[in-house]
Every structure is written in C-alpha cells, then in structure tokens.
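File shown: upload_24.txt. Contents: compact mmCIF, C-alpha atoms.
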```txt
# COMPACT_ATOMS: atom_id res chain seq x y z
CA MET E 1 -0.93 9.42 39.49
CA THR E 2 -0.54 9.53 35.70
CA ASP E 3 1.58 7.15 33.64
CA ALA E 4 4.52 9.19 32.31
CA SER E 5 6.01 6.34 30.30
CA PRO E 6 6.51 7.07 26.61
CA PRO E 7 4.15 5.48 24.08
CA ALA E 8 5.17 2.09 22.77
CA PRO E 9 6.90 2.08 19.38
CA ILE E 10 4.81 1.50 16.28
CA LEU E 11 5.60 -1.52 14.13
CA VAL E 12 5.76 -0.79 10.40
CA THR E 13 6.29 -3.94 8.37
CA GLY E 14 7.62 -3.47 4.86
CA ALA E 15 9.62 -0.47 6.10
CA ALA E 16 12.19 -0.91 3.32
CA GLY E 17 9.39 -0.80 0.76
CA PHE E 18 7.90 2.23 -0.94
CA ILE E 19 4.83 3.03 1.18
CA GLY E 20 6.30 1.55 4.36
CA PHE E 21 9.35 3.81 4.09
CA HIS E 22 7.20 6.93 3.74
CA VAL E 23 4.84 5.94 6.58
CA ALA E 24 7.77 5.21 8.91
CA ARG E 25 9.42 8.50 7.97
CA ARG E 26 6.26 10.49 8.72
CA LEU E 27 5.73 8.77 12.08
CA LEU E 28 9.34 9.48 13.03
CA ALA E 29 8.87 13.13 12.04
CA GLN E 30 5.93 13.22 14.44
CA GLY E 31 8.20 12.10 17.26
CA ARG E 32 7.03 8.48 17.39
CA GLU E 33 9.42 5.57 17.78
CA VAL E 34 9.20 3.11 14.90
CA VAL E 35 10.36 -0.46 14.54
CA GLY E 36 10.75 -1.42 10.90
CA PHE E 37 10.43 -5.03 9.80
CA ASP E 38 11.42 -6.18 6.30
CA ASN E 39 13.21 -9.07 4.62
CA VAL E 40 14.74 -6.80 1.92
CA ASN E 41 14.02 -9.38 -0.79
CA ASP E 42 15.09 -9.13 -4.41
CA TYR E 43 11.68 -8.75 -6.06
CA TYR E 44 13.21 -5.45 -7.16
CA ASP E 45 16.63 -3.88 -6.57
CA PRO E 46 17.60 -4.43 -2.90
CA ALA E 47 19.98 -1.46 -3.19
CA LEU E 48 16.98 0.86 -3.40
CA LYS E 49 15.52 -0.73 -0.29
CA ARG E 50 18.86 -0.35 1.54
CA ALA E 51 18.98 3.30 0.51
CA ARG E 52 15.53 3.86 2.04
CA LEU E 53 16.64 2.12 5.23
CA ALA E 54 19.75 4.31 5.36
CA VAL E 55 17.49 7.39 5.40
CA LEU E 56 15.35 5.95 8.20
CA SER E 57 18.38 4.82 10.20
CA ARG E 58 19.56 8.39 10.55
CA GLU E 59 16.59 8.95 12.88
CA THR E 60 17.23 8.18 16.56
CA GLY E 61 13.76 6.71 17.01
CA PHE E 62 14.14 4.03 14.34
CA ARG E 63 15.08 0.40 14.91
CA PHE E 64 15.10 -2.32 12.28
CA VAL E 65 14.48 -6.06 12.20
CA GLU E 66 15.51 -7.87 9.02
CA ALA E 67 13.31 -10.94 8.71
CA SER E 68 10.37 -12.38 6.76
CA LEU E 69 6.76 -12.28 7.90
CA HIS E 70 6.43 -16.00 7.27
CA ASP E 71 9.19 -16.56 9.87
CA ARG E 72 6.85 -17.00 12.82
CA ALA E 73 9.63 -17.07 15.41
CA ALA E 74 11.03 -13.77 14.18
CA VAL E 75 7.60 -12.14 14.23
CA ASP E 76 6.81 -13.44 17.70
CA ASP E 77 10.21 -12.37 19.05
CA THR E 78 9.78 -8.85 17.64
CA PHE E 79 6.37 -8.44 19.29
CA ALA E 80 7.70 -9.79 22.60
CA ARG E 81 10.65 -7.37 22.57
CA PHE E 82 8.78 -4.16 21.84
CA GLY E 83 5.22 -4.48 23.19
CA PHE E 84 3.49 -2.81 20.25
CA ARG E 85 0.10 -1.15 20.64
CA HIS E 86 -0.24 -0.13 16.99
CA VAL E 87 0.84 -2.13 13.94
CA VAL E 88 0.90 -0.96 10.32
CA ASN E 89 1.37 -4.05 8.18
CA LEU E 90 2.59 -2.96 4.73
CA ALA E 91 4.84 -5.94 4.00
CA ALA E 92 3.60 -8.15 1.19
CA GLN E 93 4.61 -9.78 -2.03
CA ALA E 94 3.52 -7.11 -4.48
CA GLY E 95 2.77 -7.22 -8.20
CA VAL E 96 -0.24 -8.41 -10.17
CA ARG E 97 1.63 -9.99 -13.07
CA TYR E 98 4.33 -11.59 -10.94
CA SER E 99 1.66 -13.57 -9.11
CA SER E 100 1.18 -15.72 -12.23
CA VAL E 101 4.93 -16.40 -12.35
CA ASN E 102 5.72 -17.11 -8.70
CA PRO E 103 2.45 -17.87 -6.90
CA TYR E 104 4.04 -19.50 -3.87
CA ALA E 105 5.72 -16.21 -2.91
CA TYR E 106 2.22 -14.78 -2.41
CA GLY E 107 1.15 -17.68 -0.24
CA GLU E 108 4.19 -17.25 2.02
CA ALA E 109 4.17 -13.47 2.40
CA ASN E 110 0.53 -12.50 1.99
CA LEU E 111 -1.22 -15.46 3.62
CA THR E 112 1.14 -17.20 6.06
CA GLY E 113 2.89 -13.92 6.84
CA PHE E 114 -0.35 -12.12 7.52
CA LEU E 115 -1.58 -14.97 9.72
CA ASN E 116 1.59 -14.60 11.79
CA ILE E 117 0.87 -10.88 12.20
CA LEU E 118 -2.73 -11.53 13.22
CA GLU E 119 -1.71 -14.12 15.78
CA ALA E 120 1.01 -11.91 17.23
CA CYS E 121 -1.43 -8.98 17.46
CA ARG E 122 -4.02 -11.17 19.16
CA ARG E 123 -1.61 -12.54 21.75
CA SER E 124 -0.09 -9.11 22.42
CA GLY E 125 -3.39 -7.29 22.85
CA VAL E 126 -2.61 -4.82 20.06
CA ALA E 127 -4.97 -1.82 20.11
CA HIS E 128 -5.16 -1.37 16.32
CA LEU E 129 -3.89 -3.31 13.31
CA LEU E 130 -3.84 -1.47 10.00
CA TYR E 131 -2.92 -3.54 6.95
CA ALA E 132 -2.41 -3.02 3.23
CA SER E 133 -5.12 -4.26 0.94
CA SER E 134 -5.39 -3.14 -2.69
CA SER E 135 -7.70 -1.67 -5.30
CA SER E 136 -7.12 -4.98 -7.10
CA VAL E 137 -9.73 -6.62 -4.87
CA TYR E 138 -12.45 -4.95 -6.97
CA GLY E 139 -11.50 -7.31 -9.79
CA ALA E 140 -14.24 -7.83 -12.37
CA ASN E 141 -16.44 -5.10 -10.88
CA THR E 142 -17.16 -2.37 -13.46
CA THR E 143 -19.36 -0.10 -11.33
CA MET E 144 -17.46 3.16 -10.89
CA PRO E 145 -16.28 4.63 -8.64
CA PHE E 146 -15.29 1.63 -6.55
CA SER E 147 -16.97 1.84 -3.16
CA VAL E 148 -16.08 0.03 0.04
CA HIS E 149 -19.79 -0.79 0.27
CA GLN E 150 -19.56 -3.01 -2.83
CA THR E 151 -18.78 -6.71 -2.64
CA VAL E 152 -15.35 -7.81 -3.90
CA ASP E 153 -15.81 -11.47 -4.73
CA HIS E 154 -14.34 -11.71 -8.25
CA PRO E 155 -10.56 -11.11 -8.14
CA LEU E 156 -8.71 -11.33 -11.47
CA SER E 157 -5.27 -12.28 -10.15
CA LEU E 158 -3.81 -14.37 -7.36
CA TYR E 159 -2.34 -11.18 -5.89
CA ALA E 160 -5.85 -9.68 -5.64
CA ALA E 161 -7.17 -12.92 -4.15
CA THR E 162 -4.55 -12.83 -1.39
CA LYS E 163 -5.51 -9.25 -0.57
CA LYS E 164 -9.18 -10.20 -0.39
CA ALA E 165 -8.13 -13.12 1.82
CA ASN E 166 -6.35 -10.67 4.14
CA GLU E 167 -9.58 -8.74 4.57
CA LEU E 168 -11.48 -11.93 5.39
CA MET E 169 -8.79 -13.11 7.82
CA ALA E 170 -8.78 -9.71 9.54
CA HIS E 171 -12.55 -9.79 9.93
CA SER E 172 -12.43 -13.23 11.49
CA TYR E 173 -9.93 -12.01 14.10
CA ALA E 174 -11.94 -8.86 14.72
CA HIS E 175 -15.06 -10.97 15.27
CA THR E 176 -13.52 -13.84 17.23
CA TYR E 177 -10.97 -11.97 19.37
CA GLY E 178 -12.11 -8.33 19.24
CA LEU E 179 -8.89 -7.29 17.47
CA PRO E 180 -9.53 -3.86 15.86
CA CYS E 181 -8.53 -4.13 12.20
CA THR E 182 -8.50 -1.55 9.39
CA GLY E 183 -7.90 -2.51 5.76
CA LEU E 184 -6.28 0.03 3.43
CA ARG E 185 -7.19 -0.35 -0.24
CA PHE E 186 -4.41 1.56 -2.00
CA PHE E 187 -4.94 2.86 -5.53
CA THR E 188 -1.85 3.05 -7.83
CA VAL E 189 0.50 4.84 -5.46
CA TYR E 190 3.42 6.78 -6.97
CA GLY E 191 6.01 9.35 -5.93
CA PRO E 192 9.64 9.74 -4.79
CA TRP E 193 11.36 6.53 -3.68
CA GLY E 194 8.75 4.57 -5.66
CA ARG E 195 8.85 1.03 -6.99
CA PRO E 196 10.80 0.19 -10.19
CA ASP E 197 8.09 -2.28 -11.27
CA MET E 198 5.40 0.43 -11.42
CA ALA E 199 4.38 2.30 -14.57
CA MET E 200 5.58 5.75 -13.45
CA TRP E 201 9.12 4.47 -12.86
CA ILE E 202 9.21 2.22 -15.93
CA PHE E 203 8.05 5.02 -18.21
CA THR E 204 10.43 7.59 -16.74
CA LYS E 205 13.46 5.33 -17.05
CA ALA E 206 12.61 4.34 -20.63
CA ILE E 207 11.85 7.88 -21.82
CA LEU E 208 15.16 9.18 -20.44
CA ALA E 209 16.99 6.32 -22.16
CA GLY E 210 15.18 6.85 -25.46
CA GLU E 211 13.72 3.35 -25.24
CA PRO E 212 10.14 2.40 -26.19
CA ILE E 213 7.40 2.07 -23.58
CA THR E 214 4.58 -0.47 -23.83
CA LEU E 215 1.08 0.84 -23.17
CA PHE E 216 -1.33 -2.01 -22.51
CA ASN E 217 -4.97 -1.78 -23.55
CA HIS E 218 -3.59 0.56 -26.24
CA GLY E 219 -2.94 3.24 -23.64
CA ARG E 220 -6.59 3.40 -22.59
CA MET E 221 -6.01 1.95 -19.14
CA ARG E 222 -7.29 4.40 -16.54
CA ARG E 223 -5.75 4.47 -13.09
CA ASP E 224 -6.51 6.45 -9.96
CA PHE E 225 -2.90 7.60 -9.52
CA THR E 226 -2.43 8.54 -5.87
CA TYR E 227 0.54 10.57 -4.66
CA VAL E 228 2.40 8.91 -1.81
CA ASP E 229 2.23 11.88 0.59
CA ASP E 230 -1.58 11.74 0.37
CA VAL E 231 -1.50 8.03 1.16
CA VAL E 232 0.73 8.61 4.17
CA GLU E 233 -1.50 11.41 5.46
CA ALA E 234 -4.51 9.10 5.35
CA VAL E 235 -2.67 6.25 7.06
CA VAL E 236 -1.23 8.28 9.94
CA ARG E 237 -4.62 9.87 10.58
CA LEU E 238 -6.15 6.39 10.81
CA VAL E 239 -3.52 4.95 13.19
CA PRO E 240 -5.16 6.30 16.40
CA ARG E 241 -8.69 5.68 15.13
CA ALA E 242 -9.26 2.03 16.00
CA PRO E 243 -12.65 0.91 14.69
CA SER E 244 -15.47 -0.18 16.90
CA GLY E 245 -18.40 -2.31 15.86
CA ASN E 246 -21.16 -0.75 13.80
CA PRO E 247 -24.38 -1.24 15.82
CA ALA E 248 -26.48 -0.60 12.70
CA TRP E 249 -24.84 -3.46 10.81
CA SER E 250 -27.30 -6.17 9.79
CA GLY E 251 -26.71 -9.69 8.57
CA ALA E 252 -29.93 -9.38 6.57
CA ALA E 253 -28.32 -6.64 4.46
CA PRO E 254 -24.60 -6.90 5.21
CA ASP E 255 -22.43 -3.86 4.51
CA PRO E 256 -18.97 -5.09 3.35
CA ALA E 257 -17.29 -1.92 4.66
CA THR E 258 -18.20 -2.36 8.33
CA SER E 259 -19.26 -5.04 10.79
CA LEU E 260 -20.62 -5.69 14.24
CA ALA E 261 -16.96 -6.50 14.94
CA PRO E 262 -14.27 -3.77 15.20
CA TYR E 263 -13.49 -3.88 11.49
CA ARG E 264 -13.31 -1.28 8.69
CA VAL E 265 -11.94 -0.99 5.16
CA PHE E 266 -11.13 2.26 3.37
CA ASN E 267 -10.26 3.24 -0.17
CA ILE E 268 -7.17 5.44 -0.36
CA GLY E 269 -7.19 6.88 -3.87
CA ASN E 270 -7.10 10.20 -5.68
CA ASN E 271 -10.75 9.97 -6.81
CA ASP E 272 -9.67 11.17 -10.28
CA PRO E 273 -8.64 8.43 -12.76
CA VAL E 274 -6.20 9.32 -15.55
CA GLU E 275 -5.58 7.52 -18.86
CA LEU E 276 -2.07 6.13 -19.30
CA LEU E 277 -1.70 8.12 -22.53
CA ASP E 278 -2.32 11.29 -20.53
CA VAL E 279 0.16 10.23 -17.85
CA VAL E 280 2.78 9.78 -20.57
CA SER E 281 2.03 13.27 -21.85
CA VAL E 282 2.55 14.70 -18.37
CA LEU E 283 5.82 12.76 -18.03
CA GLU E 284 7.01 14.00 -21.42
CA ALA E 285 6.41 17.58 -20.31
CA ALA E 286 8.22 17.08 -16.99
CA LEU E 287 11.17 15.30 -18.62
CA GLY E 288 11.41 17.46 -21.72
CA ARG E 289 11.56 14.28 -23.81
CA THR E 290 9.20 12.51 -26.21
CA ALA E 291 8.25 8.91 -25.50
CA VAL E 292 8.45 6.13 -28.07
CA LYS E 293 5.10 4.39 -27.60
CA GLN E 294 4.20 0.78 -28.37
CA LEU E 295 0.49 -0.04 -28.00
CA ALA E 296 -0.51 -3.54 -26.86
CA PRO E 297 -3.64 -5.45 -25.79
CA ILE E 298 -4.65 -5.65 -22.13
CA GLN E 299 -2.84 -8.33 -20.13
CA VAL E 300 -4.44 -11.20 -18.25
CA GLY E 301 -5.14 -10.16 -14.64
CA ASP E 302 -5.22 -6.43 -15.39
CA VAL E 303 -8.35 -4.35 -14.88
CA PRO E 304 -9.04 -1.58 -17.42
CA GLU E 305 -9.89 1.10 -14.85
CA THR E 306 -9.64 1.94 -11.16
CA TYR E 307 -11.52 4.79 -9.55
CA ALA E 308 -11.83 5.25 -5.79
CA ASP E 309 -14.85 6.49 -3.90
CA VAL E 310 -13.22 7.99 -0.79
CA ALA E 311 -16.33 9.23 1.00
CA ALA E 312 -15.84 6.80 3.89
CA LEU E 313 -12.24 7.91 4.38
CA ALA E 314 -13.18 11.60 4.29
CA ALA E 315 -15.95 11.03 6.84
CA GLU E 316 -13.59 9.18 9.17
CA VAL E 317 -10.49 11.42 9.12
CA ASP E 318 -11.58 14.60 7.28
CA PHE E 319 -9.07 14.06 4.49
CA ARG E 320 -9.14 12.95 0.88
CA PRO E 321 -6.15 12.55 -1.47
CA ALA E 322 -6.08 15.35 -4.05
CA THR E 323 -2.55 15.97 -5.37
CA PRO E 324 -2.89 16.73 -9.11
CA ILE E 325 -1.11 14.29 -11.41
CA ALA E 326 1.05 17.06 -12.95
CA GLU E 327 2.33 18.12 -9.52
CA GLY E 328 2.95 14.55 -8.34
CA VAL E 329 4.78 13.63 -11.54
CA ARG E 330 6.99 16.72 -11.30
CA ARG E 331 7.99 15.79 -7.75
CA PHE E 332 8.73 12.20 -8.79
CA VAL E 333 10.80 13.28 -11.78
CA ASP E 334 12.78 15.74 -9.63
CA TRP E 335 13.54 12.96 -7.14
CA TYR E 336 14.39 10.43 -9.87
CA ARG E 337 16.83 12.77 -11.59
CA GLY E 338 18.38 13.71 -8.27
CA HIS E 339 18.81 10.07 -7.25
CA TYR E 340 19.81 8.52 -10.58
CA GLY E 341 20.74 11.48 -12.80
CA GLY E 342 19.38 11.96 -16.32
```
Structure re-expressed in structure tokens:
Amino acid sequence: MTDASPPAPILVTGAAGFIGFHVARRLLAQGREVVGFDNVNDYYDPALKRARLAVLSRETGFRFVEASLHDRAAVDDTFARFGFRHVVNLAAQAGVRYSSVNPYAYGEANLTGFLNILEACRRSGVAHLLYASSSSVYGANTTMPFSVHQTVDHPLSLYAATKKANELMAHSYAHTYGLPCTGLRFFTVYGPWGRPDMAMWIFTKAILAGEPITLFNHGRMRRDFTYVDDVVEAVVRLVPRAPSGNPAWSGAAPDPATSLAPYRVFNIGNNDPVELLDVVSVLEAALGRTAVKQLAPIQVGDVPETYADVAALAAEVDFRPATPIAEGVRRFVDWYRGHYGG
C-alpha cells in the first residue's frame, strides 16, 4: 500500500527577502507548499518586504511565520508544527560594509540563527538543508575564476567570515549527525524585487533622480552579476538532490567542495564578470538617461573582482546561469519603473 499523503511543506527562511521571495514563489508555482520564515527587519525598507509577502500570501500553499532565526523557541516551534523534510535557509544579515558598522547583528542572525537551524534540522531528521553562503568567502583569493575546490580561509569582512563559518558549521553537522547539507555561494544577484542596498538598485534610483553615483575602485570593480531567475533555477534543481559522501575524498589531499560526509558547496554565478562602468552604460541605455559618475578608491572589505566557476553546479543539475547583463538589466528596470514609477 503506497503512502498517498502530500509531501511536507518546504521551509524557506528569509522569505520576505530578495532571493527567498523568488525561491518561495517558484516552489509555489511548482505546486509545493511553502512555509516562509522572516523577521522583516529594517536593514532596508520593510515596506518592500511586506510587498513581497503580499504577493506570496495570495498563493493558497503559502504560510508565514514572523520571527527571528536567533529566537530558538520560534524556530523549534515552527519545525515541530510542520515536519519539514527540506529546508532552504536564505535568512541572514546581509551586507559587506554594514558588518563593520553593526557586527553583533551578524553574530545573532548568521551564527546563532544558523546554529538554531542546524539543531532543528538534526532533531527533525531533515532530508536536505540548503543554505546561503556567498562569493565573499573567497576573500583575498585572486585566482580566477573562483572554484569550489579552492580553499577560502582569508575573508576580508566579518560578513564573509560568518558565511565561511556557516560552511564549517554545516560540515560538522553533516559529519557528526549525517545531516545532508548544501552550501550556495551566490554571486552578486540582481533582478526584479531586488535589494535597495545593492549597486543595481542604487544606480537606477540615482540615475532617474539625476543624482551622482559613486563607483568604487574608480569603476573598475568587476562582478559576476547573476540574474535572480537563474539563481532560483539552480536552487530548486538542487532541493531534491541531497548530497551523499564522496568515497574518493581523502584527508591527505582534502577537496574543500566535497567530503566523506553528506556535504557539498556550489557556486551560483553567471560565469561572466562585468566592470561596473559597463553596467552603468547598460543601465543608461535601459533608462534613457546619463549617469553622473563620481570615481572613488576601493573600500575596506571589498574585493576587486568576483568570477564564478560553475562546473560543479552544471555537472550536478545540468544547468548554469547565463542571462546576459543587458537582458537582466532591462527586466529589472521594467520592474522598477512599474513598481516605483520614473
């Protein structure tokens, strides 16, 4: 006799955030039930987060818990209520520069909060935990493109250090408890419903207002801008693919990307870095406006270039992000003007 019960809902933490919103929306479109978890903090405009939640709440399969990851009781209660088998942890305190201003926020959300998720997954027997890491973990590394097979031991910001810590914490739970864990190293994600603290949004808003934009490293920063739909496609393909241990892994020549434990990390990037000056040119074309540019030195904690090697991702799920920057920018500008006018 087969079990006809419906699959358990998927937990998406950070569901009011940029990537979390899009992942939850895609899973709902696939017919999955989703429980969103978010504290809707004021790191950036909570009204934008509420607007995302309003879109998700129109779906019958969506339920929402408003709480913080570092609230252990709230996390434990949510797991007990819903019996999750798959968890996509995208909640975090974001922002490289903000980590030098408010470091304790990163300890609460990214360290204590992630520990609460790991413990809840362990006790609940979760089949697969996927969690947001970041391209920032590559830090001082200058070997391009960044590969998951490289070590990431020299972070340049506290934010990056907490993301590296998440990977280490996940591996310890994979090794000690057999919890399958997959780390997602996102590379400069942009697109509709994006974050106001990111370059694409900042530049668009300023250009439309006729205000100057600041280009650090004199506009020579290169980023692997990755369109959000490509990120979501990679994530949802990975959800059912819980890692198993790599029997070829050797402690004599340890591969950072895999383990004897059920643990993997993947780069999710466009594999095509673009200079900020070129991004501004694309934005100018899409907006029909000319930017007022102010060139400035690189900031402490910033890395001059990111560039993702996505071979491991492509081998695992037969997909690699590839939306051209001009197409992604056009879609973002269309959404921005539709949402805010201008």
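Proximity to Ala160 in chain E was assessed for E:Arg52, E:Phe37, E:Asp302, E:Ala74 counting all atoms listed in the file; the smallest distance is recorded for E:Asp302.
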Rank E:Thr204, E:Asn110, E:Thr13, E:Thr143 by their smallest atom-to-atom distance to Trp335 in chain E, using all atoms listed in the file, and report the top residue only.
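Of all the options, E:Thr204 lies closest to Trp335 in chain E.
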Long-range neighbours of range 91-101 of chain E as a tab-separated table (two decimals) with C-alpha atoms, in the coordinates of the input, 6 Å cut-off, only C-alpha atoms, 4 positions minimum in chain:
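In the end it all went to out.tsv:
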```
chain	number	residue	atom	x	y	z
E	13	THR	CA	6.29	-3.94	8.37
E	14	GLY	CA	7.62	-3.47	4.86
E	106	TYR	CA	2.22	-14.78	-2.41
E	109	ALA	CA	4.17	-13.47	2.40
E	110	ASN	CA	0.53	-12.50	1.99
E	158	LEU	CA	-3.81	-14.37	-7.36
E	159	TYR	CA	-2.34	-11.18	-5.89
```
List the spatial neighbours of Ala285 in chain E as a list in words - criterion: any atom at most 10 Å away, all atoms listed in the file, same-chain residues fewer than 5 positions off excluded.
Val279, Val280, Thr290, Ala326, Val329 and Arg330 of chain E
Kindly extract all protein, DNA and RNA residues lying within 12 Å of the coordinates (11.3, -6.6, 20.3) given in the file, considering only C-alpha atoms, and supply them as an mmCIF file with C-alpha atoms, in the coordinates of the input.
```cif
data_model
loop_
_atom_site.group_PDB
_atom_site.id
_atom_site.type_symbol
_atom_site.label_atom_id
_atom_site.label_comp_id
_atom_site.auth_asym_id
_atom_site.auth_seq_id
_atom_site.Cartn_x
_atom_site.Cartn_y
_atom_site.Cartn_z
ATOM 1 C CA ALA E 8 5.170 2.090 22.770
ATOM 2 C CA PRO E 9 6.900 2.080 19.380
ATOM 3 C CA ILE E 10 4.810 1.500 16.280
ATOM 4 C CA LEU E 11 5.600 -1.520 14.130
ATOM 5 C CA VAL E 34 9.200 3.110 14.900
ATOM 6 C CA VAL E 35 10.360 -0.460 14.540
ATOM 7 C CA GLY E 36 10.750 -1.420 10.900
ATOM 8 C CA PHE E 37 10.430 -5.030 9.800
ATOM 9 C CA ARG E 63 15.080 0.400 14.910
ATOM 10 C CA PHE E 64 15.100 -2.320 12.280
ATOM 11 C CA VAL E 65 14.480 -6.060 12.200
ATOM 12 C CA ALA E 73 9.630 -17.070 15.410
ATOM 13 C CA ALA E 74 11.030 -13.770 14.180
ATOM 14 C CA VAL E 75 7.600 -12.140 14.230
ATOM 15 C CA ASP E 76 6.810 -13.440 17.700
ATOM 16 C CA ASP E 77 10.210 -12.370 19.050
ATOM 17 C CA THR E 78 9.780 -8.850 17.640
ATOM 18 C CA PHE E 79 6.370 -8.440 19.290
ATOM 19 C CA ALA E 80 7.700 -9.790 22.600
ATOM 20 C CA ARG E 81 10.650 -7.370 22.570
ATOM 21 C CA PHE E 82 8.780 -4.160 21.840
ATOM 22 C CA GLY E 83 5.220 -4.480 23.190
ATOM 23 C CA PHE E 84 3.490 -2.810 20.250
ATOM 24 C CA ALA E 120 1.010 -11.910 17.230
ATOM 25 C CA SER E 124 -0.090 -9.110 22.420
#
```
Show which residues sit within 8 Å of Pro212 in chain E, as a list in words. Count only C-alpha atoms, and ignore same-chain residues fewer than 5 positions away.
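Final neighbour list, sorted by chain and number: Ala206, Ile207, Ala291, Val292, Lys293 and Gln294 of chain E.
From CA of Val300 in chain E back to CA of Thr162 in chain E, the distance works out to 16.9 Å.
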Counting all atoms listed in the file, the option among E:Thr226, E:Asn166, E:Thr182, E:Thr188 closest to Val88 in chain E
E:Thr182
Taking the partial coordinates given, rebuild range 270-290 of chain E to contain N, CA, C and O atoms; return it as a compact mmCIF listing (two decimals), keeping the file's coordinate frame.
```txt
# COMPACT_ATOMS: atom_id res chain seq x y z
N ASN E 270 -7.03 8.78 -5.33
CA ASN E 270 -7.10 10.20 -5.68
C ASN E 270 -8.48 10.63 -6.17
O ASN E 270 -8.72 11.82 -6.36
N ASN E 271 -9.39 9.66 -6.41
CA ASN E 271 -10.75 9.97 -6.81
C ASN E 271 -10.77 10.75 -8.13
O ASN E 271 -11.62 11.60 -8.36
N ASP E 272 -9.78 10.45 -9.01
CA ASP E 272 -9.67 11.17 -10.28
C ASP E 272 -8.84 10.35 -11.27
O ASP E 272 -7.66 10.63 -11.48
N PRO E 273 -9.42 9.31 -11.88
CA PRO E 273 -8.64 8.43 -12.76
C PRO E 273 -8.10 9.15 -13.98
O PRO E 273 -8.72 10.07 -14.51
N VAL E 274 -6.90 8.71 -14.42
CA VAL E 274 -6.20 9.32 -15.55
C VAL E 274 -5.81 8.22 -16.53
O VAL E 274 -5.34 7.16 -16.12
N GLU E 275 -6.01 8.47 -17.84
CA GLU E 275 -5.58 7.52 -18.86
C GLU E 275 -4.05 7.47 -18.93
O GLU E 275 -3.38 8.48 -18.77
N LEU E 276 -3.52 6.27 -19.21
CA LEU E 276 -2.07 6.13 -19.30
C LEU E 276 -1.49 7.04 -20.38
O LEU E 276 -0.39 7.59 -20.20
N LEU E 277 -2.19 7.22 -21.49
CA LEU E 277 -1.70 8.12 -22.53
C LEU E 277 -1.53 9.54 -21.98
O LEU E 277 -0.57 10.24 -22.34
N ASP E 278 -2.43 9.96 -21.12
CA ASP E 278 -2.32 11.29 -20.53
C ASP E 278 -1.17 11.36 -19.53
O ASP E 278 -0.49 12.39 -19.42
N VAL E 279 -0.96 10.28 -18.78
CA VAL E 279 0.16 10.23 -17.85
C VAL E 279 1.47 10.37 -18.61
O VAL E 279 2.39 11.09 -18.20
N VAL E 280 1.56 9.68 -19.75
CA VAL E 280 2.78 9.78 -20.57
C VAL E 280 2.98 11.21 -21.05
O VAL E 280 4.11 11.72 -21.05
N SER E 281 1.92 11.87 -21.42
CA SER E 281 2.03 13.27 -21.85
C SER E 281 2.57 14.15 -20.73
O SER E 281 3.40 15.04 -20.96
N VAL E 282 2.08 13.93 -19.51
CA VAL E 282 2.55 14.70 -18.37
C VAL E 282 4.03 14.41 -18.10
O VAL E 282 4.83 15.32 -17.81
N LEU E 283 4.42 13.14 -18.21
CA LEU E 283 5.82 12.76 -18.03
C LEU E 283 6.71 13.40 -19.10
O LEU E 283 7.80 13.89 -18.80
N GLU E 284 6.24 13.39 -20.34
CA GLU E 284 7.01 14.00 -21.42
C GLU E 284 7.27 15.48 -21.13
O GLU E 284 8.39 15.98 -21.34
N ALA E 285 6.26 16.16 -20.63
CA ALA E 285 6.41 17.58 -20.31
C ALA E 285 7.41 17.78 -19.17
O ALA E 285 8.25 18.69 -19.21
N ALA E 286 7.33 16.94 -18.15
CA ALA E 286 8.22 17.08 -16.99
C ALA E 286 9.67 16.72 -17.35
O ALA E 286 10.61 17.31 -16.80
N LEU E 287 9.84 15.76 -18.25
CA LEU E 287 11.17 15.30 -18.62
C LEU E 287 11.78 16.09 -19.78
O LEU E 287 12.99 16.04 -20.00
N GLY E 288 10.92 16.78 -20.53
CA GLY E 288 11.41 17.46 -21.72
C GLY E 288 11.84 16.49 -22.79
O GLY E 288 12.70 16.80 -23.62
N ARG E 289 11.23 15.32 -22.82
CA ARG E 289 11.56 14.28 -23.81
C ARG E 289 10.26 13.72 -24.39
O ARG E 289 9.20 13.78 -23.75
N THR E 290 10.35 13.15 -25.58
CA THR E 290 9.20 12.51 -26.21
C THR E 290 9.32 11.00 -26.08
O THR E 290 10.38 10.43 -26.35
```
